[in-house]
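A short worksheet on the structure shown next.
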There are 2 protein chains.
Amino acid sequence: MNLKKIASELKNFEGVLRKKEIKNVVNNFKFEDNDYYFDIISDFGDDAAVIGIDNENAILLAADGIWGKLLESDPWWAGYCSVLVNTNDIAAMGGKSIAMTNIIGIRDCNIGRKVLKGVKDGMDKFGVPMVGGHTHPDANNNVLDVSITGIVKKDNILRSDNAQIGDKIVFAYDLDGKIYKNFDLNWDTTTMKSKKLVRDQLRALEIVGEEKLANACKDISNPGALGTLGMLLEVSKKGAHVDINKIPRNESVPLIKWLKLYPGCGFVFTAPEDKIDRLKEVLELVNITAEVCGEVTASKQLIITDGKDKEVLFDFDKEYICGC
Amino acid sequence: MNLKKIASELKNFEGVLRKKEIKNVVNNFKFEDNDYYFDIISDFGDDAAVIGIDNENAILLAADGIWGKLLESDPWWAGYCSVLVNTNDIAAMGGKSIAMTNIIGIRDCNIGRKVLKGVKDGMDKFGVPMVGGHTHPDANNNVLDVSITGIVKKDNILRSDNAQIGDKIVFAYDLDGKIYKNFDLNWDTTTMKSKKLVRDQLRALEIVGEEKLANACKDISNPGALGTLGMLLEVSKKGAHVDINKIPRNESVPLIKWLKLYPGCGFVFTAPEDKIDRLKEVLELVNITAEVCGEVTASKQLIITDGKDKEVLFDFDKEYICGC
C-alpha cells in the first residue's frame, strides 16, 4: 500500500475539489449585524442549516442540485437520489424530514418522465413527500434541484462543527449493497431493501441525537469517507488521525475506491469513548456497521495511517475543503 | 375598450400559458395512499405547501426558479426577486418566513457576483436569511433556484382553494412604484422603500390570516391580476365576475399592461362582505390600496366586464390554467 499515492488521489479527486467553490458563494451571504425574526443557530457548513422556531424546536433546511450529467445518463437514479441525499442530510443532523420541494426544468420529456418516476419511488422508499415547487416549462437543459425541510429538538442536534479533542472517530456504513450499475462511485444500499429498514436507518440517527451519543456527525457524500471527515474537522477547527484499514468496508470493493464512494447509508461520527458501545449498538440494530478508526486531535491536520506509515491528507492551517 | 381583445390577450400571454406544464409534473406526485409521518394539509396548487407539524402549527414550503433570461439580462434584479417572490408566497398563506436555501449554478463569475449581491440586498430588505444550499461549480448555464420555509398557525392559513360563493373579490396593490427599468412587466414597489414598510406589508398578510379577514388569498405573480385570480378560482372550483375598471391601478400604466404586471406587492382576496372594511383598513395602513372588484359565483367561469360588455376570460369546465 502506497499511502502517499492514496493521500494524493483522495485529496485531488473531483468529489473533494468540487467543494472549493462553496466558499465564494457563502462569503456573499455573511452579515455583520442582522435583524432576522428567527434565530439562526447554524447556517452554511453543515449538512443542513438550523433555525430555532421556539424554545424547544428547530427547523432544518437543506438543498441539493442534481448534477446534469447524472440526470442525462440515468434519469430514474437521479430522481431517486435527489430524495436519498436530502433525507440523509436531515438524518445526519439528528432530525426528521418533513417534506421536499423541487425545481425542475426538462428539455426532453422522456428523460423528464423517468426523473419524476425516480423522485416518486424515492418518496415512497424514504417516506418523505414532495409537496411543491416550480417548473421551468421551456428549459434549455435538464435541471433537478430539491430542497428539504426537517425538524429537530434543539437539544438533540447533531452538528458537524462540534468535534472535541479526544473524541473517537467512528465510520459507519450499511455494507450490504452493490455498486450502482451506471455509476462507479455510487454504493447503492437502498433500492433492494424494504422501506421499513431504510426508514429505520434514518430513524437511528435521530436516536443518536436523542441519546446524545455523538459530539459531531456528517453524512458521507461526494467527497467520500475521508473528504467528508475532512469537512467535519475543518468546521470543527480540529484535526485527527485515522487508520484507513479500520474503516468498515465491503471487501468486494478495493480500498481506494471504497474511500471515494458515495454510500446510500454512510455516516462519520466523533464521540466520547464512553458512548461508543451504545452508538454502535443503535447503528448495528439497523444493519449499519460502525467502527472506531481514529481520534480527534488539536492539530488541525487530518493524518491517515495504514498501521505502519503516516501521511498528512489535509492541513487546515494551509488549505481548505469548502472554506465555510 | 374592446373587451374581447383584452380577454384574448390576457388569456394567451406568456405569464398564463407558462403555467400549463405544472399539471404534467404534479400528476406524477399524486399518491393514492401514503404513509408519511407528517400531515400534508395542502400540497401543489397553492402559493406554498402546508404541512402540519403539531396540533397548532404548520410549516409552509415554496420554491421558485428564476428564469435564465432574467438572470442574464439583469442579474442583480434576478437575485433580489428570488427573495421577493418567495417571501410573497409565504405572506400570501398568512405565514411568516423562516429562511431560504438556494441552488446556484454560475457560468459567468461577473454575473454570479451581481446575482449574489441581489440576493443579499433582498435578504436585507425582506428580513429573511439565506442559510444554505448547493453550488454547481461547473454549471454550463446560469441557474438560481430558491426555496423558502415559513411557519403559520393552522387556524390562520390563507389558502387559495377556499373561495366561497358570494365572497367579494378584492384586488390589492401597492400603487406607489415604477416599472422596473429592464423589465416592462415588473412593477417595482420595494427597492425605493424602507425595509420597515416592506416588512410591514408582509406582516399585514399575517394579520389578515390572524383576524380571518379573507376566505382565499393569492399573491399576484407572472399570470398577472386576472390570471392569478383564475388560478385561485380554478383550485376553489368556483367562478367569478370582475369589473376590470375597479382594479386598483397606477394611472401611469395602461390597463391592459397593468393587468399583466408582476407587482412587488399585490394580492387578490375573496372575503365575506362583513370583513371588507377591516380587510381594507389593515392593508391601507401599509400603503396597499384594496378595492372590491367583483364576486365569486358557482359558475366555474371567470367573466370580466368593463361595466358595459361582458366576456368569458376562463371557462374551467372546458380549460385549465395549471390543472392542479
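Ligands are numbered from 1 in the order shown, residues from 1 within each chain, and chains are lettered A, B, ... in the order they appear in the C-alpha cells.
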Select from region 176-315 of chain A everything DSSP, run on the backbone, classes as helix (DSSP H, G or I), then give the selection as a ChimeraX atom specification. /A:195-210,224-236,244-246,255-258,273-284
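Every chain A residue lying within 6 Å of chain B, based on only C-alpha atoms, is listed here: Glu21, Tyr36, Asp43, Phe44, Ala49, Ala63, Asp64, Gly127, Val131, Gly132, Gly133, His134 and Pro137 of chain A.
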Let's see if you can do this: from backbone DSSP, list all strand (DSSP E or B) residues in region 5-75 of chain B, as a PDB file with N, CA, C and O atoms, in the first residue's frame.
ATOM      1  N   ASP B  39     -48.586  15.436   8.527  1.00  0.00           N
ATOM      2  CA  ASP B  39     -49.867  15.598   7.852  1.00  0.00           C
ATOM      3  C   ASP B  39     -49.761  16.642   6.738  1.00  0.00           C
ATOM      4  O   ASP B  39     -49.508  17.820   6.997  1.00  0.00           O
ATOM      5  N   ILE B  40     -49.957  16.214   5.495  1.00  0.00           N
ATOM      6  CA  ILE B  40     -49.939  17.160   4.370  1.00  0.00           C
ATOM      7  C   ILE B  40     -51.313  17.828   4.295  1.00  0.00           C
ATOM      8  O   ILE B  40     -52.286  17.221   3.867  1.00  0.00           O
ATOM      9  N   ILE B  41     -51.378  19.072   4.705  1.00  0.00           N
ATOM     10  CA  ILE B  41     -52.655  19.792   4.714  1.00  0.00           C
ATOM     11  C   ILE B  41     -52.977  20.269   3.301  1.00  0.00           C
ATOM     12  O   ILE B  41     -54.117  20.241   2.851  1.00  0.00           O
ATOM     13  N   SER B  42     -51.972  20.699   2.575  1.00  0.00           N
ATOM     14  CA  SER B  42     -52.173  21.143   1.197  1.00  0.00           C
ATOM     15  C   SER B  42     -50.849  21.008   0.474  1.00  0.00           C
ATOM     16  O   SER B  42     -49.803  21.318   1.039  1.00  0.00           O
ATOM     17  N   ALA B  49     -46.916  24.974  -0.030  1.00  0.00           N
ATOM     18  CA  ALA B  49     -47.482  23.749   0.545  1.00  0.00           C
ATOM     19  C   ALA B  49     -47.558  23.913   2.054  1.00  0.00           C
ATOM     20  O   ALA B  49     -46.790  24.676   2.646  1.00  0.00           O
ATOM     21  N   VAL B  50     -48.493  23.191   2.675  1.00  0.00           N
ATOM     22  CA  VAL B  50     -48.752  23.331   4.115  1.00  0.00           C
ATOM     23  C   VAL B  50     -48.674  21.953   4.763  1.00  0.00           C
ATOM     24  O   VAL B  50     -49.395  21.035   4.377  1.00  0.00           O
ATOM     25  N   ILE B  51     -47.782  21.805   5.743  1.00  0.00           N
ATOM     26  CA  ILE B  51     -47.597  20.532   6.430  1.00  0.00           C
ATOM     27  C   ILE B  51     -47.767  20.763   7.925  1.00  0.00           C
ATOM     28  O   ILE B  51     -47.042  21.574   8.509  1.00  0.00           O
ATOM     29  N   GLY B  52     -48.691  20.063   8.527  1.00  0.00           N
ATOM     30  CA  GLY B  52     -48.878  20.201   9.970  1.00  0.00           C
ATOM     31  C   GLY B  52     -47.725  19.565  10.722  1.00  0.00           C
ATOM     32  O   GLY B  52     -47.317  18.453  10.401  1.00  0.00           O
ATOM     33  N   ASN B  57     -49.329  24.246  14.837  1.00  0.00           N
ATOM     34  CA  ASN B  57     -48.514  24.910  13.818  1.00  0.00           C
ATOM     35  C   ASN B  57     -48.369  24.101  12.536  1.00  0.00           C
ATOM     36  O   ASN B  57     -48.381  22.876  12.548  1.00  0.00           O
ATOM     37  N   ALA B  58     -48.174  24.829  11.445  1.00  0.00           N
ATOM     38  CA  ALA B  58     -47.866  24.198  10.165  1.00  0.00           C
ATOM     39  C   ALA B  58     -46.650  24.874   9.549  1.00  0.00           C
ATOM     40  O   ALA B  58     -46.405  26.068   9.767  1.00  0.00           O
ATOM     41  N   ILE B  59     -45.918  24.080   8.806  1.00  0.00           N
ATOM     42  CA  ILE B  59     -44.757  24.581   8.064  1.00  0.00           C
ATOM     43  C   ILE B  59     -45.215  24.859   6.631  1.00  0.00           C
ATOM     44  O   ILE B  59     -46.012  24.107   6.057  1.00  0.00           O
ATOM     45  N   LEU B  60     -44.720  25.947   6.071  1.00  0.00           N
ATOM     46  CA  LEU B  60     -45.027  26.320   4.688  1.00  0.00           C
ATOM     47  C   LEU B  60     -43.775  26.136   3.838  1.00  0.00           C
ATOM     48  O   LEU B  60     -42.683  26.518   4.256  1.00  0.00           O
ATOM     49  N   LEU B  61     -43.938  25.572   2.656  1.00  0.00           N
ATOM     50  CA  LEU B  61     -42.796  25.349   1.764  1.00  0.00           C
ATOM     51  C   LEU B  61     -43.116  25.880   0.376  1.00  0.00           C
ATOM     52  O   LEU B  61     -44.137  25.531  -0.206  1.00  0.00           O
ATOM     53  N   ALA B  62     -42.227  26.676  -0.165  1.00  0.00           N
ATOM     54  CA  ALA B  62     -42.391  27.140  -1.542  1.00  0.00           C
ATOM     55  C   ALA B  62     -41.030  27.166  -2.227  1.00  0.00           C
ATOM     56  O   ALA B  62     -39.992  27.124  -1.564  1.00  0.00           O
ATOM     57  N   ALA B  63     -41.046  27.205  -3.530  1.00  0.00           N
ATOM     58  CA  ALA B  63     -39.791  27.243  -4.283  1.00  0.00           C
ATOM     59  C   ALA B  63     -40.020  27.988  -5.584  1.00  0.00           C
ATOM     60  O   ALA B  63     -41.094  27.906  -6.175  1.00  0.00           O
ATOM     61  N   ASP B  64     -39.031  28.723  -6.010  1.00  0.00           N
ATOM     62  CA  ASP B  64     -39.118  29.413  -7.288  1.00  0.00           C
ATOM     63  C   ASP B  64     -37.800  29.348  -8.031  1.00  0.00           C
ATOM     64  O   ASP B  64     -36.742  29.582  -7.452  1.00  0.00           O
ATOM     65  N   GLY B  65     -37.893  29.019  -9.289  1.00  0.00           N
ATOM     66  CA  GLY B  65     -36.721  29.043 -10.146  1.00  0.00           C
ATOM     67  C   GLY B  65     -36.715  30.362 -10.902  1.00  0.00           C
ATOM     68  O   GLY B  65     -37.751  30.780 -11.416  1.00  0.00           O
ATOM     69  N   ILE B  66     -35.583  31.014 -10.907  1.00  0.00           N
ATOM     70  CA  ILE B  66     -35.510  32.288 -11.623  1.00  0.00           C
ATOM     71  C   ILE B  66     -35.171  31.999 -13.079  1.00  0.00           C
ATOM     72  O   ILE B  66     -34.282  31.220 -13.396  1.00  0.00           O
TER      73      ILE B  66
END
Quick one, how far is CA of Met93 (chain B) from CA of Leu185 (chain B)? 24.0 Å
Tell me, as a VMD selection string, which residues lie within 9 Å of Glu56 (chain B), counting only C-alpha atoms; anything in the same chain fewer than 4 positions away does not count. chain B and resid 52 152 to 155
Tell me, as a short mmCIF file (atom, residue, chain, number, x, y, z; two decimals) with N, CA and C atoms, in the first residue's frame, which residues lie within 8 Å of Gly294 (chain B), counting only C-alpha atoms; anything in the same chain fewer than 2 positions away does not count.
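Writing the result to out.cif gives the following:
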data_model
loop_
_atom_site.label_atom_id
_atom_site.label_comp_id
_atom_site.auth_asym_id
_atom_site.auth_seq_id
_atom_site.Cartn_x
_atom_site.Cartn_y
_atom_site.Cartn_z
N LYS B 168 -66.82 38.59 -1.83
CA LYS B 168 -66.36 39.72 -2.65
C LYS B 168 -64.93 39.46 -3.11
N ILE B 169 -64.63 39.90 -4.31
CA ILE B 169 -63.25 39.78 -4.81
C ILE B 169 -62.55 41.12 -4.60
N VAL B 170 -61.42 41.04 -3.90
CA VAL B 170 -60.68 42.26 -3.57
C VAL B 170 -59.28 42.18 -4.20
N ALA B 240 -66.38 33.64 -11.16
CA ALA B 240 -66.49 34.99 -10.62
C ALA B 240 -66.86 35.94 -11.74
N HIS B 241 -67.41 37.09 -11.35
CA HIS B 241 -67.41 38.19 -12.32
C HIS B 241 -66.63 39.35 -11.71
N VAL B 242 -65.89 40.03 -12.57
CA VAL B 242 -64.97 41.08 -12.13
C VAL B 242 -65.10 42.28 -13.06
N ASP B 243 -65.24 43.45 -12.47
CA ASP B 243 -65.21 44.69 -13.25
C ASP B 243 -63.75 45.17 -13.32
N VAL B 292 -62.99 46.35 -3.77
CA VAL B 292 -63.88 45.28 -4.20
C VAL B 292 -64.12 45.44 -5.70
N VAL B 296 -67.57 36.16 -6.17
CA VAL B 296 -67.38 34.75 -6.50
C VAL B 296 -68.74 34.12 -6.81
#
